[in-house]
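As provided, my_file.txt (compact mmCIF, C-alpha atoms) reads as follows.
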# COMPACT_ATOMS: atom_id res chain seq x y z
CA MET A 343 -64.51 67.10 -110.92
CA ASN A 344 -61.24 66.21 -109.24
CA VAL A 345 -60.97 64.05 -106.20
CA ILE A 346 -60.45 66.42 -103.26
CA LYS A 347 -58.18 64.16 -101.31
CA SER A 348 -57.30 60.50 -100.92
CA ILE A 349 -57.13 59.52 -97.26
CA ASP A 350 -55.18 56.41 -96.36
CA ILE A 351 -56.73 55.55 -93.00
CA GLN A 352 -54.13 52.92 -92.09
CA GLN A 353 -51.27 55.31 -92.89
CA GLU A 354 -52.84 58.11 -90.81
CA ILE A 355 -53.36 55.76 -87.88
CA LEU A 356 -49.75 54.58 -87.99
CA LEU A 357 -48.35 58.13 -88.21
CA ASP A 358 -50.48 59.29 -85.26
CA ASN A 359 -49.33 56.25 -83.34
CA ASP A 360 -45.65 56.94 -84.12
CA ARG A 361 -45.98 60.46 -82.69
CA GLU A 362 -47.70 59.17 -79.55
CA ALA A 363 -45.01 56.46 -79.14
CA GLU A 364 -42.20 58.99 -79.46
CA LYS A 365 -43.76 61.20 -76.76
CA LEU A 366 -44.14 58.22 -74.45
CA ARG A 367 -40.52 57.16 -75.03
CA ARG A 368 -39.32 60.67 -74.09
CA GLN A 369 -41.49 60.68 -70.95
CA LEU A 370 -39.99 57.34 -69.85
CA ALA A 371 -36.43 58.49 -70.67
CA GLU A 372 -36.83 61.54 -68.43
CA LYS A 373 -37.81 59.21 -65.61
CA GLN A 374 -34.98 56.77 -66.48
CA VAL A 375 -37.45 53.95 -67.01
CA PHE A 376 -36.74 51.30 -69.65
CA MET A 377 -39.65 49.61 -71.48
CA VAL A 378 -39.82 46.23 -73.25
CA ASN A 379 -42.60 45.22 -75.66
CA LEU A 380 -43.07 41.44 -75.47
CA MET A 381 -44.85 39.85 -78.45
CA ALA A 382 -45.71 36.25 -79.45
CA SER A 383 -48.41 33.86 -80.64
CA PRO A 384 -51.05 32.74 -78.16
CA GLY A 385 -49.52 30.20 -75.79
CA ALA A 386 -45.87 30.73 -76.75
CA GLY A 387 -45.02 31.60 -73.15
CA LYS A 388 -45.13 35.39 -72.71
CA THR A 389 -46.49 35.24 -69.16
CA SER A 390 -44.15 32.39 -68.21
CA LEU A 391 -41.10 34.30 -69.46
CA LEU A 392 -42.28 37.42 -67.63
CA ILE A 393 -42.65 35.55 -64.34
CA GLN A 394 -39.28 33.80 -64.63
CA THR A 395 -37.60 37.11 -65.54
CA ILE A 396 -39.22 39.00 -62.66
CA ARG A 397 -37.99 36.34 -60.20
CA ARG A 398 -34.41 36.59 -61.47
CA LEU A 399 -34.26 40.40 -61.59
CA ARG A 400 -35.92 40.90 -58.19
CA GLY A 401 -33.69 43.08 -55.99
CA LYS A 402 -31.75 44.31 -59.04
CA LEU A 403 -34.46 46.18 -60.96
CA ARG A 404 -37.85 47.55 -59.91
CA ILE A 405 -40.32 46.12 -62.42
CA GLY A 406 -43.84 47.05 -63.55
CA VAL A 407 -46.08 45.29 -66.08
CA VAL A 408 -48.73 46.48 -68.55
CA GLU A 409 -50.80 43.40 -69.46
CA GLY A 410 -52.68 43.50 -72.75
CA ASP A 411 -55.58 41.13 -73.33
CA ILE A 412 -58.69 41.07 -75.43
CA ASP A 413 -60.59 39.79 -72.44
CA SER A 414 -59.99 38.22 -68.98
CA MET A 415 -57.41 39.04 -66.33
CA VAL A 416 -55.82 35.59 -65.85
CA ASP A 417 -52.34 36.74 -66.85
CA SER A 418 -52.35 39.91 -64.74
CA TYR A 419 -53.37 37.95 -61.63
CA LYS A 420 -50.43 35.58 -62.21
CA VAL A 421 -47.99 38.47 -62.71
CA ALA A 422 -49.32 40.52 -59.77
CA ASP A 423 -48.73 37.46 -57.56
CA GLU A 424 -45.01 38.13 -58.16
CA GLN A 425 -45.42 41.39 -56.19
CA VAL A 426 -44.88 43.73 -59.15
CA ALA A 427 -47.08 46.71 -60.06
CA THR A 428 -49.43 45.40 -62.75
CA VAL A 429 -51.97 47.20 -64.94
CA GLN A 430 -54.46 45.30 -67.11
CA ILE A 431 -55.55 46.72 -70.45
CA LYS A 432 -58.56 44.98 -71.99
CA THR A 433 -58.75 45.86 -75.67
CA GLY A 434 -62.30 44.50 -76.03
CA GLY A 435 -61.55 43.01 -79.45
CA ALA A 436 -58.54 44.93 -80.75
CA CYS A 437 -55.76 42.63 -81.90
CA HIS A 438 -52.76 44.70 -80.74
CA LEU A 439 -51.71 47.39 -78.27
CA ASP A 440 -50.90 50.84 -79.63
CA ALA A 441 -49.01 53.69 -77.96
CA ALA A 442 -52.18 55.41 -76.69
CA MET A 443 -53.36 52.23 -74.95
CA VAL A 444 -49.93 51.71 -73.38
CA LYS A 445 -49.90 55.37 -72.25
CA HIS A 446 -53.19 54.73 -70.41
CA GLY A 447 -51.49 51.85 -68.62
CA ILE A 448 -48.29 53.80 -67.84
CA ASP A 449 -50.34 56.64 -66.33
CA CYS A 450 -51.52 54.20 -63.65
CA LEU A 451 -47.94 53.38 -62.58
CA ASN A 452 -45.62 55.43 -60.37
CA LEU A 453 -42.59 55.92 -62.66
CA ASP A 454 -40.43 57.17 -59.78
CA GLU A 455 -40.57 53.68 -58.30
CA LEU A 456 -39.69 51.72 -61.46
CA ASP A 457 -36.63 50.89 -63.58
CA LEU A 458 -38.21 48.53 -66.09
CA ILE A 459 -41.71 48.12 -67.56
CA PHE A 460 -42.80 45.09 -69.55
CA ILE A 461 -45.68 45.31 -72.00
CA GLU A 462 -47.27 41.91 -72.58
CA ASN A 463 -48.86 42.45 -75.99
CA ILE A 464 -51.90 40.59 -77.43
CA GLY A 465 -51.04 37.03 -78.54
CA ASN A 466 -50.67 37.61 -82.30
CA LEU A 467 -47.73 37.50 -84.73
CA VAL A 468 -49.25 39.99 -87.17
CA CYS A 469 -50.76 43.28 -85.97
CA PRO A 470 -48.60 44.01 -82.87
CA ALA A 471 -45.53 44.14 -85.15
CA GLU A 472 -46.93 47.20 -86.96
CA PHE A 473 -47.47 49.42 -83.92
CA ASP A 474 -44.69 51.22 -82.05
CA THR A 475 -45.73 51.16 -78.38
CA GLY A 476 -43.04 53.55 -77.17
CA ALA A 477 -40.89 50.68 -75.88
CA ASP A 478 -37.08 50.80 -75.99
CA LEU A 479 -36.81 47.16 -76.95
CA LYS A 480 -39.03 44.80 -78.96
CA VAL A 481 -38.74 41.16 -77.97
CA MET A 482 -40.59 38.23 -79.50
CA ILE A 483 -41.00 34.66 -78.35
CA LEU A 484 -41.33 31.68 -80.69
CA SER A 485 -42.04 28.33 -79.07
CA VAL A 486 -40.73 25.03 -80.46
CA PRO A 487 -44.18 23.44 -81.11
CA GLU A 488 -45.08 26.32 -83.46
CA GLY A 489 -42.55 25.06 -86.02
CA ASP A 490 -39.45 26.53 -87.65
CA ASP A 491 -41.22 27.98 -90.74
CA LYS A 492 -42.73 30.99 -88.97
CA PRO A 493 -40.13 33.58 -90.18
CA MET A 494 -41.22 32.81 -93.76
CA LYS A 495 -44.87 33.33 -92.91
CA TYR A 496 -44.71 36.29 -90.51
CA PRO A 497 -41.58 38.11 -91.71
CA LEU A 498 -42.44 41.56 -90.32
CA ILE A 499 -42.34 40.63 -86.65
CA PHE A 500 -39.00 38.80 -87.05
CA SER A 501 -37.63 41.86 -88.92
CA VAL A 502 -38.58 44.52 -86.36
CA CYS A 503 -37.62 42.74 -83.13
CA ASP A 504 -34.37 43.37 -81.26
CA ALA A 505 -34.38 39.92 -79.68
CA LEU A 506 -35.94 36.52 -80.31
CA VAL A 507 -36.49 34.12 -77.41
CA ILE A 508 -36.94 30.51 -78.52
CA ASN A 509 -39.03 29.00 -75.72
CA LYS A 510 -40.11 25.44 -74.87
CA THR A 511 -36.75 23.91 -75.84
CA ASP A 512 -37.85 21.02 -73.55
CA TYR A 513 -39.92 19.86 -76.57
CA LEU A 514 -36.71 19.32 -78.58
CA PRO A 515 -35.87 17.25 -80.57
CA ASP A 516 -39.00 17.90 -82.65
CA PRO A 517 -39.33 16.89 -86.33
CA GLY A 518 -41.09 20.20 -87.09
CA PHE A 519 -38.38 22.37 -85.56
CA ASN A 520 -34.83 22.54 -86.87
CA PRO A 521 -33.09 25.18 -84.68
CA ASP A 522 -30.28 25.79 -87.21
CA ALA A 523 -32.74 26.32 -90.08
CA LEU A 524 -34.76 28.71 -87.93
CA VAL A 525 -31.73 30.80 -86.94
CA GLN A 526 -30.65 30.99 -90.60
CA HIS A 527 -34.11 32.22 -91.68
CA VAL A 528 -34.25 34.78 -88.91
CA ARG A 529 -30.75 36.13 -89.53
CA ARG A 530 -31.57 36.58 -93.21
CA LEU A 531 -34.46 38.88 -92.21
CA ASN A 532 -32.67 40.54 -89.33
CA PRO A 533 -28.87 40.13 -89.13
CA ASN A 534 -28.50 41.98 -85.81
CA ILE A 535 -31.19 40.22 -83.81
CA GLU A 536 -30.15 38.66 -80.48
CA ILE A 537 -31.32 35.06 -80.11
CA PHE A 538 -31.86 33.19 -76.84
CA SER A 539 -32.90 29.55 -76.43
CA LEU A 540 -34.55 28.57 -73.18
CA SER A 541 -37.23 26.61 -71.39
CA CYS A 542 -39.37 28.50 -68.89
CA ARG A 543 -40.91 25.27 -67.66
CA GLN A 544 -37.58 23.54 -66.96
CA GLU A 545 -35.88 26.84 -66.03
CA ILE A 546 -33.01 26.32 -68.47
CA GLY A 547 -31.20 29.17 -70.26
CA LEU A 548 -32.95 31.96 -68.35
CA ASP A 549 -29.85 33.50 -66.76
CA THR A 550 -28.24 34.38 -70.12
CA TRP A 551 -31.43 36.17 -71.20
CA CYS A 552 -31.82 38.00 -67.87
CA ASP A 553 -28.15 39.09 -67.78
CA TRP A 554 -28.45 40.53 -71.30
CA LEU A 555 -31.69 42.35 -70.45
CA GLU A 556 -30.24 43.74 -67.21
CA ARG A 557 -27.24 45.12 -69.13
CA LYS A 558 -29.57 46.77 -71.68
CA VAL A 559 -31.54 48.49 -68.90
CA THR A 560 -28.43 49.57 -66.98
CA VAL A 561 -26.67 50.99 -70.06
CA LYS A 562 -29.70 53.07 -71.06
CA CYS A 563 -30.56 54.31 -67.59
CA SER A 564 -26.98 55.42 -66.85
CA CYS A 565 -26.77 57.55 -70.02
CA MET B 1291 -73.14 73.60 -86.57
CA ASN B 1292 -74.19 69.99 -86.29
CA VAL B 1293 -71.96 67.10 -87.15
CA ILE B 1294 -73.03 65.92 -90.63
CA LYS B 1295 -72.45 62.27 -89.98
CA SER B 1296 -70.47 59.95 -87.76
CA ILE B 1297 -68.84 57.20 -89.78
CA ASP B 1298 -67.83 54.03 -87.98
CA ILE B 1299 -65.21 52.68 -90.36
CA GLN B 1300 -64.98 49.25 -88.72
CA GLN B 1301 -68.77 48.84 -88.75
CA GLU B 1302 -68.97 49.84 -92.43
CA ILE B 1303 -66.20 47.43 -93.35
CA LEU B 1304 -67.91 44.56 -91.54
CA LEU B 1305 -71.30 45.29 -93.14
CA ASP B 1306 -69.79 45.46 -96.63
CA ASN B 1307 -68.00 42.22 -95.90
CA ASP B 1308 -71.20 40.51 -94.72
CA ARG B 1309 -72.94 41.39 -97.99
CA GLU B 1310 -69.99 40.09 -100.03
CA ALA B 1311 -69.90 36.88 -97.95
CA GLU B 1312 -73.62 36.27 -98.45
CA LYS B 1313 -73.26 36.66 -102.24
CA LEU B 1314 -70.36 34.22 -102.26
CA ARG B 1315 -72.30 31.69 -100.17
CA ARG B 1316 -75.20 31.84 -102.66
CA GLN B 1317 -72.82 31.40 -105.61
CA LEU B 1318 -71.31 28.29 -103.99
CA ALA B 1319 -74.75 26.89 -103.07
CA GLU B 1320 -75.88 27.14 -106.70
CA LYS B 1321 -72.86 25.08 -107.69
CA GLN B 1322 -73.40 22.67 -104.75
CA VAL B 1323 -69.97 23.42 -103.35
CA PHE B 1324 -69.43 23.39 -99.58
CA MET B 1325 -66.82 25.70 -98.01
CA VAL B 1326 -64.95 25.42 -94.70
CA ASN B 1327 -63.05 28.31 -93.07
CA LEU B 1328 -60.14 26.86 -91.06
CA MET B 1329 -58.70 29.16 -88.38
CA ALA B 1330 -56.00 28.80 -85.69
CA SER B 1331 -52.87 30.29 -84.12
CA PRO B 1332 -49.61 30.08 -86.05
CA GLY B 1333 -48.27 26.53 -85.84
CA ALA B 1334 -51.41 24.89 -84.42
CA GLY B 1335 -51.58 22.51 -87.38
CA LYS B 1336 -53.90 23.97 -90.04
CA THR B 1337 -51.86 22.67 -92.97
CA SER B 1338 -51.28 19.29 -91.30
CA LEU B 1339 -55.02 18.83 -90.67
CA LEU B 1340 -55.77 19.86 -94.25
CA ILE B 1341 -53.33 17.33 -95.68
CA GLN B 1342 -54.56 14.49 -93.45
CA THR B 1343 -58.19 15.35 -94.30
CA ILE B 1344 -57.52 15.50 -98.05
CA ARG B 1345 -55.89 12.06 -97.92
CA ARG B 1346 -58.88 10.52 -96.11
CA LEU B 1347 -61.57 12.14 -98.30
CA ARG B 1348 -59.79 11.43 -101.60
CA GLY B 1349 -62.15 9.55 -103.94
CA LYS B 1350 -65.17 10.61 -101.86
CA LEU B 1351 -65.12 14.40 -102.32
CA ARG B 1352 -63.41 16.63 -104.88
CA ILE B 1353 -61.46 19.18 -102.85
CA GLY B 1354 -59.99 22.62 -103.56
CA VAL B 1355 -57.99 24.88 -101.24
CA VAL B 1356 -57.67 28.66 -100.85
CA GLU B 1357 -54.46 29.26 -98.89
CA GLY B 1358 -54.16 32.56 -97.03
CA ASP B 1359 -50.75 33.82 -95.98
CA ILE B 1360 -49.17 37.15 -95.27
CA ASP B 1361 -46.16 36.06 -97.24
CA SER B 1362 -44.54 32.90 -98.69
CA MET B 1363 -46.10 29.91 -100.45
CA VAL B 1364 -44.75 27.08 -98.27
CA ASP B 1365 -48.19 25.83 -97.25
CA SER B 1366 -49.70 25.94 -100.72
CA TYR B 1367 -46.80 23.90 -102.14
CA LYS B 1368 -47.40 21.26 -99.45
CA VAL B 1369 -51.15 21.18 -100.15
CA ALA B 1370 -50.78 21.18 -103.95
CA ASP B 1371 -48.51 18.12 -103.58
CA GLU B 1372 -51.69 16.29 -102.51
CA GLN B 1373 -53.02 16.81 -106.06
CA VAL B 1374 -55.80 19.23 -105.11
CA ALA B 1375 -56.54 22.54 -106.85
CA THR B 1376 -54.81 25.17 -104.71
CA VAL B 1377 -54.90 28.95 -104.89
CA GLN B 1378 -52.54 31.11 -102.82
CA ILE B 1379 -53.68 34.48 -101.50
CA LYS B 1380 -50.89 36.67 -100.16
CA THR B 1381 -52.40 39.40 -98.00
CA GLY B 1382 -49.16 41.41 -97.89
CA GLY B 1383 -49.63 42.32 -94.24
CA ALA B 1384 -53.36 41.91 -93.60
CA CYS B 1385 -54.06 39.77 -90.56
CA HIS B 1386 -57.16 37.94 -91.82
CA LEU B 1387 -58.98 36.91 -95.00
CA ASP B 1388 -62.24 38.67 -95.84
CA ALA B 1389 -64.97 37.64 -98.28
CA ALA B 1390 -63.59 39.74 -101.15
CA MET B 1391 -60.16 38.10 -100.87
CA VAL B 1392 -61.72 34.64 -100.76
CA LYS B 1393 -63.86 35.52 -103.79
CA HIS B 1394 -60.65 36.34 -105.71
CA GLY B 1395 -59.39 32.87 -104.84
CA ILE B 1396 -62.67 31.12 -105.68
CA ASP B 1397 -62.72 32.80 -109.10
CA CYS B 1398 -59.52 30.91 -109.97
CA LEU B 1399 -61.14 27.52 -109.26
CA ASN B 1400 -63.49 25.53 -111.49
CA LEU B 1401 -66.52 25.09 -109.22
CA ASP B 1402 -68.04 22.44 -111.53
CA GLU B 1403 -65.19 20.14 -110.55
CA LEU B 1404 -65.37 20.61 -106.77
CA ASP B 1405 -67.52 19.48 -103.83
CA LEU B 1406 -65.56 21.03 -100.97
CA ILE B 1407 -63.31 24.07 -100.62
CA PHE B 1408 -61.10 24.69 -97.60
CA ILE B 1409 -59.97 28.19 -96.73
CA GLU B 1410 -56.76 28.14 -94.68
CA ASN B 1411 -56.99 31.49 -92.92
CA ILE B 1412 -54.08 33.59 -91.57
CA GLY B 1413 -52.60 32.16 -88.35
CA ASN B 1414 -54.29 34.42 -85.81
CA LEU B 1415 -56.93 33.88 -83.09
CA VAL B 1416 -58.25 37.45 -83.22
CA CYS B 1417 -59.07 39.14 -86.52
CA PRO B 1418 -60.16 36.14 -88.66
CA ALA B 1419 -63.00 35.51 -86.17
CA GLU B 1420 -64.60 38.87 -87.06
CA PHE B 1421 -64.86 38.36 -90.82
CA ASP B 1422 -67.44 36.14 -92.51
CA THR B 1423 -65.65 34.61 -95.51
CA GLY B 1424 -68.75 33.11 -97.12
CA ALA B 1425 -67.95 29.66 -95.72
CA ASP B 1426 -70.68 27.23 -94.64
CA LEU B 1427 -68.69 26.05 -91.65
CA LYS B 1428 -66.17 27.72 -89.36
CA VAL B 1429 -63.64 25.35 -87.81
CA MET B 1430 -60.84 26.26 -85.42
CA ILE B 1431 -57.84 24.30 -84.23
CA LEU B 1432 -56.30 24.64 -80.78
CA SER B 1433 -53.11 22.68 -80.16
CA VAL B 1434 -52.19 21.22 -76.77
CA PRO B 1435 -48.95 23.23 -76.29
CA GLU B 1436 -50.91 26.51 -76.54
CA GLY B 1437 -52.54 25.80 -73.16
CA ASP B 1438 -56.11 25.35 -71.95
CA ASP B 1439 -56.73 29.02 -71.03
CA LYS B 1440 -57.22 30.28 -74.58
CA PRO B 1441 -61.08 30.39 -74.52
CA MET B 1442 -60.83 32.94 -71.69
CA LYS B 1443 -58.42 35.11 -73.65
CA TYR B 1444 -59.83 34.82 -77.20
CA PRO B 1445 -63.53 34.24 -76.53
CA LEU B 1446 -64.86 35.46 -79.88
CA ILE B 1447 -63.27 32.77 -82.03
CA PHE B 1448 -64.46 29.99 -79.70
CA SER B 1449 -67.97 31.52 -79.76
CA VAL B 1450 -68.38 31.77 -83.54
CA CYS B 1451 -66.94 28.40 -84.61
CA ASP B 1452 -69.06 25.37 -85.47
CA ALA B 1453 -66.29 22.94 -84.58
CA LEU B 1454 -63.13 22.89 -82.48
CA VAL B 1455 -60.32 20.48 -83.34
CA ILE B 1456 -57.92 19.88 -80.46
CA ASN B 1457 -54.68 18.94 -82.22
CA LYS B 1458 -51.31 17.61 -80.99
CA THR B 1459 -52.86 15.28 -78.41
CA ASP B 1460 -49.55 13.38 -78.67
CA TYR B 1461 -48.19 16.09 -76.31
CA LEU B 1462 -50.62 14.92 -73.57
CA PRO B 1463 -50.37 14.67 -70.61
CA ASP B 1464 -49.24 18.30 -70.33
CA PRO B 1465 -49.38 20.30 -67.08
CA GLY B 1466 -50.60 23.37 -69.01
CA PHE B 1467 -53.47 21.57 -70.70
CA ASN B 1468 -56.40 20.06 -68.82
CA PRO B 1469 -58.74 18.71 -71.56
CA ASP B 1470 -61.79 18.62 -69.26
CA ALA B 1471 -61.28 22.22 -68.13
CA LEU B 1472 -60.87 23.32 -71.75
CA VAL B 1473 -64.07 21.60 -72.89
CA GLN B 1474 -65.98 23.16 -69.98
CA HIS B 1475 -64.75 26.66 -70.89
CA VAL B 1476 -65.56 26.20 -74.55
CA ARG B 1477 -69.06 24.81 -73.91
CA ARG B 1478 -69.83 27.78 -71.66
CA LEU B 1479 -69.10 30.09 -74.61
CA ASN B 1480 -70.64 27.89 -77.27
CA PRO B 1481 -72.90 25.04 -76.09
CA ASN B 1482 -73.46 23.61 -79.59
CA ILE B 1483 -69.85 23.41 -80.78
CA GLU B 1484 -68.59 20.03 -82.01
CA ILE B 1485 -65.27 19.05 -80.45
CA PHE B 1486 -62.73 16.61 -81.91
CA SER B 1487 -59.46 15.50 -80.29
CA LEU B 1488 -56.74 14.22 -82.60
CA SER B 1489 -53.08 14.08 -83.49
CA CYS B 1490 -52.17 14.81 -87.10
CA ARG B 1491 -48.60 13.70 -86.49
CA GLN B 1492 -49.55 10.32 -85.03
CA GLU B 1493 -52.65 10.05 -87.24
CA ILE B 1494 -54.97 9.38 -84.29
CA GLY B 1495 -58.62 10.47 -84.19
CA LEU B 1496 -58.75 11.69 -87.79
CA ASP B 1497 -61.46 9.34 -89.04
CA THR B 1498 -64.10 10.66 -86.61
CA TRP B 1499 -63.41 14.22 -87.79
CA CYS B 1500 -63.43 13.26 -91.47
CA ASP B 1501 -66.65 11.24 -91.19
CA TRP B 1502 -68.40 14.18 -89.52
CA LEU B 1503 -67.15 16.62 -92.16
CA GLU B 1504 -68.16 14.30 -95.00
CA ARG B 1505 -71.69 14.04 -93.56
CA LYS B 1506 -71.92 17.85 -93.32
CA VAL B 1507 -70.93 18.24 -96.98
CA THR B 1508 -73.24 15.47 -98.18
CA VAL B 1509 -76.28 16.74 -96.25
CA LYS B 1510 -75.87 20.27 -97.61
CA CYS B 1511 -75.13 19.30 -101.18
CA SER B 1512 -78.11 16.94 -101.41
CA CYS B 1513 -80.57 19.65 -100.27

Target format structure tokens, applied to this file:
Amino acid sequence: MNVIKSIDIQQEILLDNDREAEKLRRQLAEKQVFMVNLMASPGAGKTSLLIQTIRRLRGKLRIGVVEGDIDSMVDSYKVADEQVATVQIKTGGACHLDAAMVKHGIDCLNLDELDLIFIENIGNLVCPAEFDTGADLKVMILSVPEGDDKPMKYPLIFSVCDALVINKTDYLPDPGFNPDALVQHVRRLNPNIEIFSLSCRQEIGLDTWCDWLERKVTVKCSC
Amino acid sequence: MNVIKSIDIQQEILLDNDREAEKLRRQLAEKQVFMVNLMASPGAGKTSLLIQTIRRLRGKLRIGVVEGDIDSMVDSYKVADEQVATVQIKTGGACHLDAAMVKHGIDCLNLDELDLIFIENIGNLVCPAEFDTGADLKVMILSVPEGDDKPMKYPLIFSVCDALVINKTDYLPDPGFNPDALVQHVRRLNPNIEIFSLSCRQEIGLDTWCDWLERKVTVKCSC
């Protein structure tokens, strides 16, 4: 007897997710809302970058945040303290956000009152890279103490991102982090990636990043 | 018509994995080999701890290593330079090692010549915690720059581990890392966990960790 069908579960899940992401992107485009998917390892500084960015773009862009966490609401309390509309998604174990989860979050926000939505993804360099969330821009953070060899070990996330933010430059010089070697590795995987170096803690280099992001949002929303 | 059956794919996968892990654990016990599953975020210091531990246990225990990576062999080259039997597993995208993958690695090692095998799992605080690899001991590393709030955000891994190694204590004092608060959080999740504080870079605190590990191996292998 022949095998009736071979079902690749992972492939089916990703295709379903791509369709859901595309729908979400269209919905946001109609409302002229720009969305950024922020990804990084645990502790690289996603929430810190979010807070510093919100403070600098206040009065220029109306910002909302979809916070992804496996458990706890510590990050969403910090972000909500910045007076931005914040929705918490608890995945209850799942290691990434997908488009359907983000859609749940977006449905709790008033899109008529927003220009820019940040997704703070689960702290993980692997699974989030595989799932389109419907965002217009994928941004990843790598922090200096993680070391400069990460592009070799987690190539997918460095390949799919539009921008890399190198955070915690206040830890430099660091024998485990050669900035030139890192940039070379990353550019080999992704020649067009934008790279920013900054320190959220010392508030250095943030304006260049915020100016670039503001231009991205303005260009898209005026199309 | 009634639904014939509801299949929970994740549950099935985990049950299959548990059976495979139990078989592997029995195989290692027969050969009096002890196995440690080492887990952490990217860049927390898994390879550094491995190398420092191998150097201190040389001549006391015969060590082998199963290196898990999504891509690249950088870590296994570093570990093999310490003259220990090293097997590289490239998961090609998978975000964790499971028992079947570890079994593939173990089958390449001569168990008659080993007392202790380390698994270096994929750098990830989420998925590796869900999969029993057949190891006798689960150890996780948290590094100071990651921050002290990680037990709130990744509770499962802190709950299932037998030991927590706090690495990069050379970064202390750090405003984002209160060691007492961290230990309190961790003990609330897992009252029996062993906790070690050390710096692989400055080679501080390593002997206490190595002595404890050596005792664990000796006690089991003399049963």

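Between chain A and the candidates B:Leu1401, B:Ala1384, B:Ile1303, B:Val1377, the tightest atom-to-atom separation, counting only C-alpha atoms, involves B:Ala1384.
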
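Taking CA of Pro470 in chain A and CA of Leu439 in chain A as endpoints, the distance between them is 6.5 Å.
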
Proximity check chain B to chain A, 7 Å, nearest pairs one decimal Å, all atoms listed in the file, as JSON lines:
{"residue": "B:Ser1331", "atom": "CA", "partner": "A:Ser383", "partner_atom": "CA", "distance": 6.7}
{"residue": "B:Pro1332", "atom": "CA", "partner": "A:Glu488", "partner_atom": "CA", "distance": 6.4}
{"residue": "B:Gly1333", "atom": "CA", "partner": "A:Glu488", "partner_atom": "CA", "distance": 4.0}
{"residue": "B:Ala1334", "atom": "CA", "partner": "A:Glu488", "partner_atom": "CA", "distance": 6.6}
{"residue": "B:Asp1359", "atom": "CA", "partner": "A:Lys495", "partner_atom": "CA", "distance": 6.7}
{"residue": "B:Ile1360", "atom": "CA", "partner": "A:Lys495", "partner_atom": "CA", "distance": 6.2}
{"residue": "B:Asp1361", "atom": "CA", "partner": "A:Lys495", "partner_atom": "CA", "distance": 5.3}
{"residue": "B:Ser1362", "atom": "CA", "partner": "A:Lys495", "partner_atom": "CA", "distance": 5.8}
{"residue": "B:Cys1385", "atom": "CA", "partner": "A:Val468", "partner_atom": "CA", "distance": 5.9}
{"residue": "B:Asn1414", "atom": "CA", "partner": "A:Asn466", "partner_atom": "CA", "distance": 6.0}
{"residue": "B:Val1416", "atom": "CA", "partner": "A:Cys437", "partner_atom": "CA", "distance": 5.9}
{"residue": "B:Cys1417", "atom": "CA", "partner": "A:Cys437", "partner_atom": "CA", "distance": 6.7}
{"residue": "B:Pro1435", "atom": "CA", "partner": "A:Pro487", "partner_atom": "CA", "distance": 6.8}
{"residue": "B:Glu1436", "atom": "CA", "partner": "A:Gly385", "partner_atom": "CA", "distance": 4.0}
{"residue": "B:Gly1437", "atom": "CA", "partner": "A:Gly385", "partner_atom": "CA", "distance": 5.9}
{"residue": "B:Met1442", "atom": "CA", "partner": "A:Ser414", "partner_atom": "CA", "distance": 6.0}
{"residue": "B:Lys1443", "atom": "CA", "partner": "A:Asp413", "partner_atom": "CA", "distance": 5.3}
{"residue": "B:Tyr1444", "atom": "CA", "partner": "A:Ile412", "partner_atom": "CA", "distance": 6.6}

Excluding Ile461 in chain A and its own-chain neighbours fewer than 4 positions away, which residues fall within 6 Å of it when counting all atoms listed in the file? Please give them as a VMD selection string. chain A and resid 379 to 380 407 to 408

Find the residues around Ala363 in chain A up to 7 Å (all atoms listed in the file counted), leave out those fewer than 2 positions away in its own chain, and share them as number ranges by chain. A: 359-361, 365-367, 441, 474-476

Restricting the calculation to only C-alpha atoms, which member of A:Glu536, A:Asp423, A:Asp440, A:Glu409 is positioned closest to Ile459 in chain A?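 Among the listed residues, the smallest separation from Ile459 in chain A belongs to A:Glu409.
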
For a quick check of your reading of the model, name the residues lying within 12 Å of the coordinate (-50.4, 20.7, -101.2), counting only C-alpha atoms, and write them as a PyMOL selection string. chain B and resi 1337-1345+1353-1357+1363-1378+1408+1410

When distances are computed from only C-alpha atoms, which of A:Arg404, A:Arg398, A:Lys480, A:Lys558 shows the smallest separation from Leu456 in chain A?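 Under the stated criterion, the closest residue is A:Arg404.
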
For CA of Gly401 in chain A and CA of Asp457 in chain A, the interatomic separation in Å (one decimal): 11.3 Å

Atom pair CA of Phe1324 in chain B / CA of Ser1489 in chain B: separation (Å): 24.8 Å

For Arg1316 in chain B, list every protein, DNA or RNA residue within 12 Å, evaluated using all atoms listed in the file, and leave out those in the same chain fewer than 4 positions away; present the list as a list of chain:residue names.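 Non-adjacent residues within range: B:Arg1309, B:Glu1310, B:Ala1311, B:Glu1312, B:Glu1320, B:Lys1321, B:Gln1322, B:Val1323, B:Phe1324, B:Met1325, B:Lys1393, B:Gly1424, B:Ala1425, B:Asp1426.
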
Using only C-alpha atoms for the distances, tell me which of A:Ile448, A:Leu399, A:Ile537, A:Met443 is nearest to Asp522 in chain A.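 Closest residue, counting only C-alpha atoms: A:Ile537.
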